[in-house]
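Here is the structure we will look at, set down as structure tokens.
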Amino acid sequence: MSLVCAISNEVPEHPCVSPVSNQVFERRLIEKYIAENGTDPMNGQPLSEEQLVDIKVSHPIRPKAPSATSIPAILKSLQDEWDAVMLHSFTLRQQLQTTRQELSHALYQHDAACRVIARLTKEVTAAREALATLKPQAGLVAPQAVPASQPTAAGAGGEPMELSEQVGMTPEIIQKLQDKATILTTERKKRGKTVPEELVASHAVSVGPSESFEALGLHSASVPGILALDLCPSDTNKVLTGGADKNVVVFDKNEEQIVATLKGHTKKVTSVIYHPSQSVVFSASPDTTIRVWSVTAGNCVQVVRAHEAGVTGLSLHATGDYLLSSSEDQYWAFSDIQTGRVLTKVTDESAGCALTCAQFHPDGLIFGTGTADSQIKIWDLKERTNVANFPGHSGPVTSIAFSENGYYLATGAQDSSLKLWDLRKLKNFKTITLDNNYEVKSLVFDQSGTYLAVGGSDIRVYICKQWSEVLNFTDHSGLVTGVAFGENAQFLTSAGMDRSLKFYSM
């Protein structure tokens, strides 16, 4: 009886025995195995080279290998190969079954973790709502609020009361915002099914403007420049402008005359808004104030001091009762225009960057802000939390605009590009690269969400969905700082640093 190696199944030249498993091995093979694994290949017990015991035998005579010259030898060779394949296949099936069990266990753990995360998120939301409800009742201000200053009484010159005290977002206010959003969403879905008959068709727009009208001398020539523009939503023939001369001007397009010149800011006026249903306008300035003006009386009725640095953006909520403002002090504020009080004031402490603009979403429950470090941030008004960020620009964000259907957000920055974002997928789906050194100063969608106007180095009008340019105006001799559509996009209004207010018939 000859000795056979347990690893190679051949007669060993230098046989040795393992005291751990009592098996015979070829010393050369077992030493390599021990060097790699340190165990006995038969039972997996620890084994070292020193433990191996050599077997003294006479020179073994190797059996002759079967030749493949006969049919029985060939059949034997094929049978051996088949057996090896079957054994390997069996091993692979065992490994596959083990892997499936491990994967099933991992998926179960992942599903359980997702359920726990969802439950915790729901509990956090409920806790935040409870906290928001308790804070006004406890007499506390909103998170990250600046200490309120005492209100000052009206002066002899008729200067209105200045308020900065924060009273918090009460449940009544939150419910009012929610109810308005529900109504607006329903109306928007109805409007989305039909296009206004009076709306200028895209094929008619592409032909070009038929006529234009220009108003000059609205603001002082000593400090030239119109920096802000807005139209009255209920009567787009009434135009509101803010100038570098610190004045706010109301102009009537039909009468071709100035209705009111409102004075009170101590620095240039950079943002203006016309109230949709009242004879009231709003303005903001780097002098840190937001002013509420009566167009009929021609005077300032309230000053809201919501910020400690220049106010960079202004947006009116769809209820017509609240103002959103952004500032270089890194805060955004939500204020009640009836009382002049700041309801809440919030900053993103992790960002630590000035805000450059702000705009409400059409439904009024979320809004966007632009920052000096090229970020666009989307905020939840009720929760006062940052819910999404859109990076991509390479310069300070200069303007943002939501489409009327609430699906798209257009943004412009000092990188000569216009980016369009899908709010449903939270991603950038279109980037329009403008001319080199093109400065985007103003973005606005028309009331139907069909057209997008861009004001800056010139004026460009794009048709939505195709996002192709259909109009281009270069009549301004200076930078265009504001653009706005008339009712049903019948005309386009623009203002610029050349002190001119232009109207283009579309």
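If you're wondering about the labels, chains in the structure tokens are A, B, ... by order shown, residues count from 1 in each chain, ligands from 1 in order shown.
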Subject >> Selection: 9 Å around A:Leu418, only C-alpha atoms, excl. self and same-chain fewer than 5 positions, as a ChimeraX atom specification >> reply: /A:393,410-413,430-434,440,454
Restrict the selected residues to N, CA, C and O atoms and save them as a PDB file, in the first residue's frame.
ATOM      1  N   HIS A 393     -24.455  78.017  -9.873  1.00  0.00           N
ATOM      2  CA  HIS A 393     -23.933  79.302 -10.344  1.00  0.00           C
ATOM      3  C   HIS A 393     -22.530  79.525  -9.781  1.00  0.00           C
ATOM      4  O   HIS A 393     -22.120  78.894  -8.799  1.00  0.00           O
ATOM      5  N   ALA A 410     -36.536  80.059 -12.250  1.00  0.00           N
ATOM      6  CA  ALA A 410     -35.484  80.638 -13.087  1.00  0.00           C
ATOM      7  C   ALA A 410     -34.555  81.450 -12.199  1.00  0.00           C
ATOM      8  O   ALA A 410     -35.011  82.191 -11.315  1.00  0.00           O
ATOM      9  N   THR A 411     -33.249  81.305 -12.407  1.00  0.00           N
ATOM     10  CA  THR A 411     -32.273  82.028 -11.592  1.00  0.00           C
ATOM     11  C   THR A 411     -31.189  82.621 -12.479  1.00  0.00           C
ATOM     12  O   THR A 411     -30.815  82.036 -13.498  1.00  0.00           O
ATOM     13  N   GLY A 412     -30.714  83.784 -12.072  1.00  0.00           N
ATOM     14  CA  GLY A 412     -29.625  84.444 -12.786  1.00  0.00           C
ATOM     15  C   GLY A 412     -28.574  84.903 -11.797  1.00  0.00           C
ATOM     16  O   GLY A 412     -28.873  85.215 -10.643  1.00  0.00           O
ATOM     17  N   ALA A 413     -27.320  84.931 -12.243  1.00  0.00           N
ATOM     18  CA  ALA A 413     -26.219  85.324 -11.372  1.00  0.00           C
ATOM     19  C   ALA A 413     -25.158  86.047 -12.189  1.00  0.00           C
ATOM     20  O   ALA A 413     -25.288  86.216 -13.417  1.00  0.00           O
ATOM     21  N   LYS A 430     -32.094  72.913 -17.426  1.00  0.00           N
ATOM     22  CA  LYS A 430     -31.724  73.742 -18.579  1.00  0.00           C
ATOM     23  C   LYS A 430     -30.826  74.879 -18.118  1.00  0.00           C
ATOM     24  O   LYS A 430     -31.106  75.543 -17.118  1.00  0.00           O
ATOM     25  N   THR A 431     -29.730  75.086 -18.829  1.00  0.00           N
ATOM     26  CA  THR A 431     -28.841  76.215 -18.582  1.00  0.00           C
ATOM     27  C   THR A 431     -28.676  76.978 -19.888  1.00  0.00           C
ATOM     28  O   THR A 431     -28.257  76.401 -20.899  1.00  0.00           O
ATOM     29  N   ILE A 432     -29.051  78.249 -19.874  1.00  0.00           N
ATOM     30  CA  ILE A 432     -28.910  79.106 -21.051  1.00  0.00           C
ATOM     31  C   ILE A 432     -27.681  79.977 -20.849  1.00  0.00           C
ATOM     32  O   ILE A 432     -27.649  80.817 -19.946  1.00  0.00           O
ATOM     33  N   THR A 433     -26.669  79.747 -21.653  1.00  0.00           N
ATOM     34  CA  THR A 433     -25.441  80.533 -21.552  1.00  0.00           C
ATOM     35  C   THR A 433     -25.599  81.807 -22.364  1.00  0.00           C
ATOM     36  O   THR A 433     -25.855  81.761 -23.578  1.00  0.00           O
ATOM     37  N   LEU A 434     -25.481  82.950 -21.706  1.00  0.00           N
ATOM     38  CA  LEU A 434     -25.646  84.242 -22.360  1.00  0.00           C
ATOM     39  C   LEU A 434     -24.291  84.746 -22.862  1.00  0.00           C
ATOM     40  O   LEU A 434     -23.270  84.085 -22.720  1.00  0.00           O
ATOM     41  N   VAL A 440     -27.215  89.666 -15.639  1.00  0.00           N
ATOM     42  CA  VAL A 440     -28.643  89.409 -15.411  1.00  0.00           C
ATOM     43  C   VAL A 440     -29.075  90.199 -14.179  1.00  0.00           C
ATOM     44  O   VAL A 440     -28.548  90.011 -13.086  1.00  0.00           O
ATOM     45  N   VAL A 454     -35.912  88.358 -19.521  1.00  0.00           N
ATOM     46  CA  VAL A 454     -34.632  88.555 -18.852  1.00  0.00           C
ATOM     47  C   VAL A 454     -34.165  89.977 -19.123  1.00  0.00           C
ATOM     48  O   VAL A 454     -34.110  90.410 -20.279  1.00  0.00           O
TER      49      VAL A 454
END
Original post:
Within 9 Å of A:Leu423, counting only C-alpha atoms, which residues qualify if same-chain residues fewer than 4 places away don't, as a PyMOL selection string?
Top reply: chain A and resi 406-409+427-428
Atoms to include: N, CA, C and O atoms. Write the selected residues as a PDB file, in the first residue's frame.
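Listing of out_32.pdb after writing:
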ATOM      1  N   GLY A 406     -45.904  77.059 -10.848  1.00  0.00           N
ATOM      2  CA  GLY A 406     -45.222  76.591  -9.648  1.00  0.00           C
ATOM      3  C   GLY A 406     -44.243  75.460  -9.866  1.00  0.00           C
ATOM      4  O   GLY A 406     -43.665  74.942  -8.912  1.00  0.00           O
ATOM      5  N   TYR A 407     -44.032  75.064 -11.122  1.00  0.00           N
ATOM      6  CA  TYR A 407     -43.153  73.925 -11.395  1.00  0.00           C
ATOM      7  C   TYR A 407     -41.699  74.331 -11.601  1.00  0.00           C
ATOM      8  O   TYR A 407     -40.789  73.547 -11.344  1.00  0.00           O
ATOM      9  N   TYR A 408     -41.482  75.546 -12.114  1.00  0.00           N
ATOM     10  CA  TYR A 408     -40.138  75.935 -12.516  1.00  0.00           C
ATOM     11  C   TYR A 408     -39.630  77.127 -11.708  1.00  0.00           C
ATOM     12  O   TYR A 408     -40.405  77.975 -11.246  1.00  0.00           O
ATOM     13  N   LEU A 409     -38.307  77.178 -11.593  1.00  0.00           N
ATOM     14  CA  LEU A 409     -37.639  78.313 -10.970  1.00  0.00           C
ATOM     15  C   LEU A 409     -36.537  78.766 -11.911  1.00  0.00           C
ATOM     16  O   LEU A 409     -35.714  77.958 -12.354  1.00  0.00           O
ATOM     17  N   LYS A 427     -33.902  69.558  -9.565  1.00  0.00           N
ATOM     18  CA  LYS A 427     -32.658  69.536 -10.333  1.00  0.00           C
ATOM     19  C   LYS A 427     -32.704  70.561 -11.453  1.00  0.00           C
ATOM     20  O   LYS A 427     -33.781  71.007 -11.877  1.00  0.00           O
ATOM     21  N   ASN A 428     -31.526  70.916 -11.934  1.00  0.00           N
ATOM     22  CA  ASN A 428     -31.378  71.856 -13.048  1.00  0.00           C
ATOM     23  C   ASN A 428     -31.584  71.096 -14.354  1.00  0.00           C
ATOM     24  O   ASN A 428     -30.895  70.128 -14.636  1.00  0.00           O
TER      25      ASN A 428
END
Subject >> Neighbour list for stretch 272-279 of chain A as an MDAnalysis selection string, cut-off 8 Å, only C-alpha atoms, skip fewer than 2 positions in-chain >> reply: chainID A and resid 228:234 240:242 248 269:270 281:284 294:296 314:316 320
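The closest residue to A:Ala489, picked from A:Arg115, A:Gly395, A:Thr236, A:Ile290 and counting only C-alpha atoms, is A:Thr236.
When only C-alpha atoms are used to compute distances to A:Lys176, the closest of the residues A:Lys382, A:Lys246, A:His219, A:Lys253 turns out to be A:Lys382.
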Original post:
If we count only C-alpha atoms, what is near stretch 20-28 of chain A at a cut-off of 7 Å, once residues fewer than 3 positions away on the same chain are taken out, given as JSON, numbers by chain?
Top reply: {"A": [4, 5, 6, 7, 12, 13, 14, 15, 16, 17, 31, 32, 42, 43, 45]}
**OP:** Record the distance separating atom CA of A:Gln338 and atom CA of A:His307, expressed in Å with one decimal.
**Re:**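 Interatomic distance, atom CA of A:Gln338 to atom CA of A:His307: 18.3 Å.
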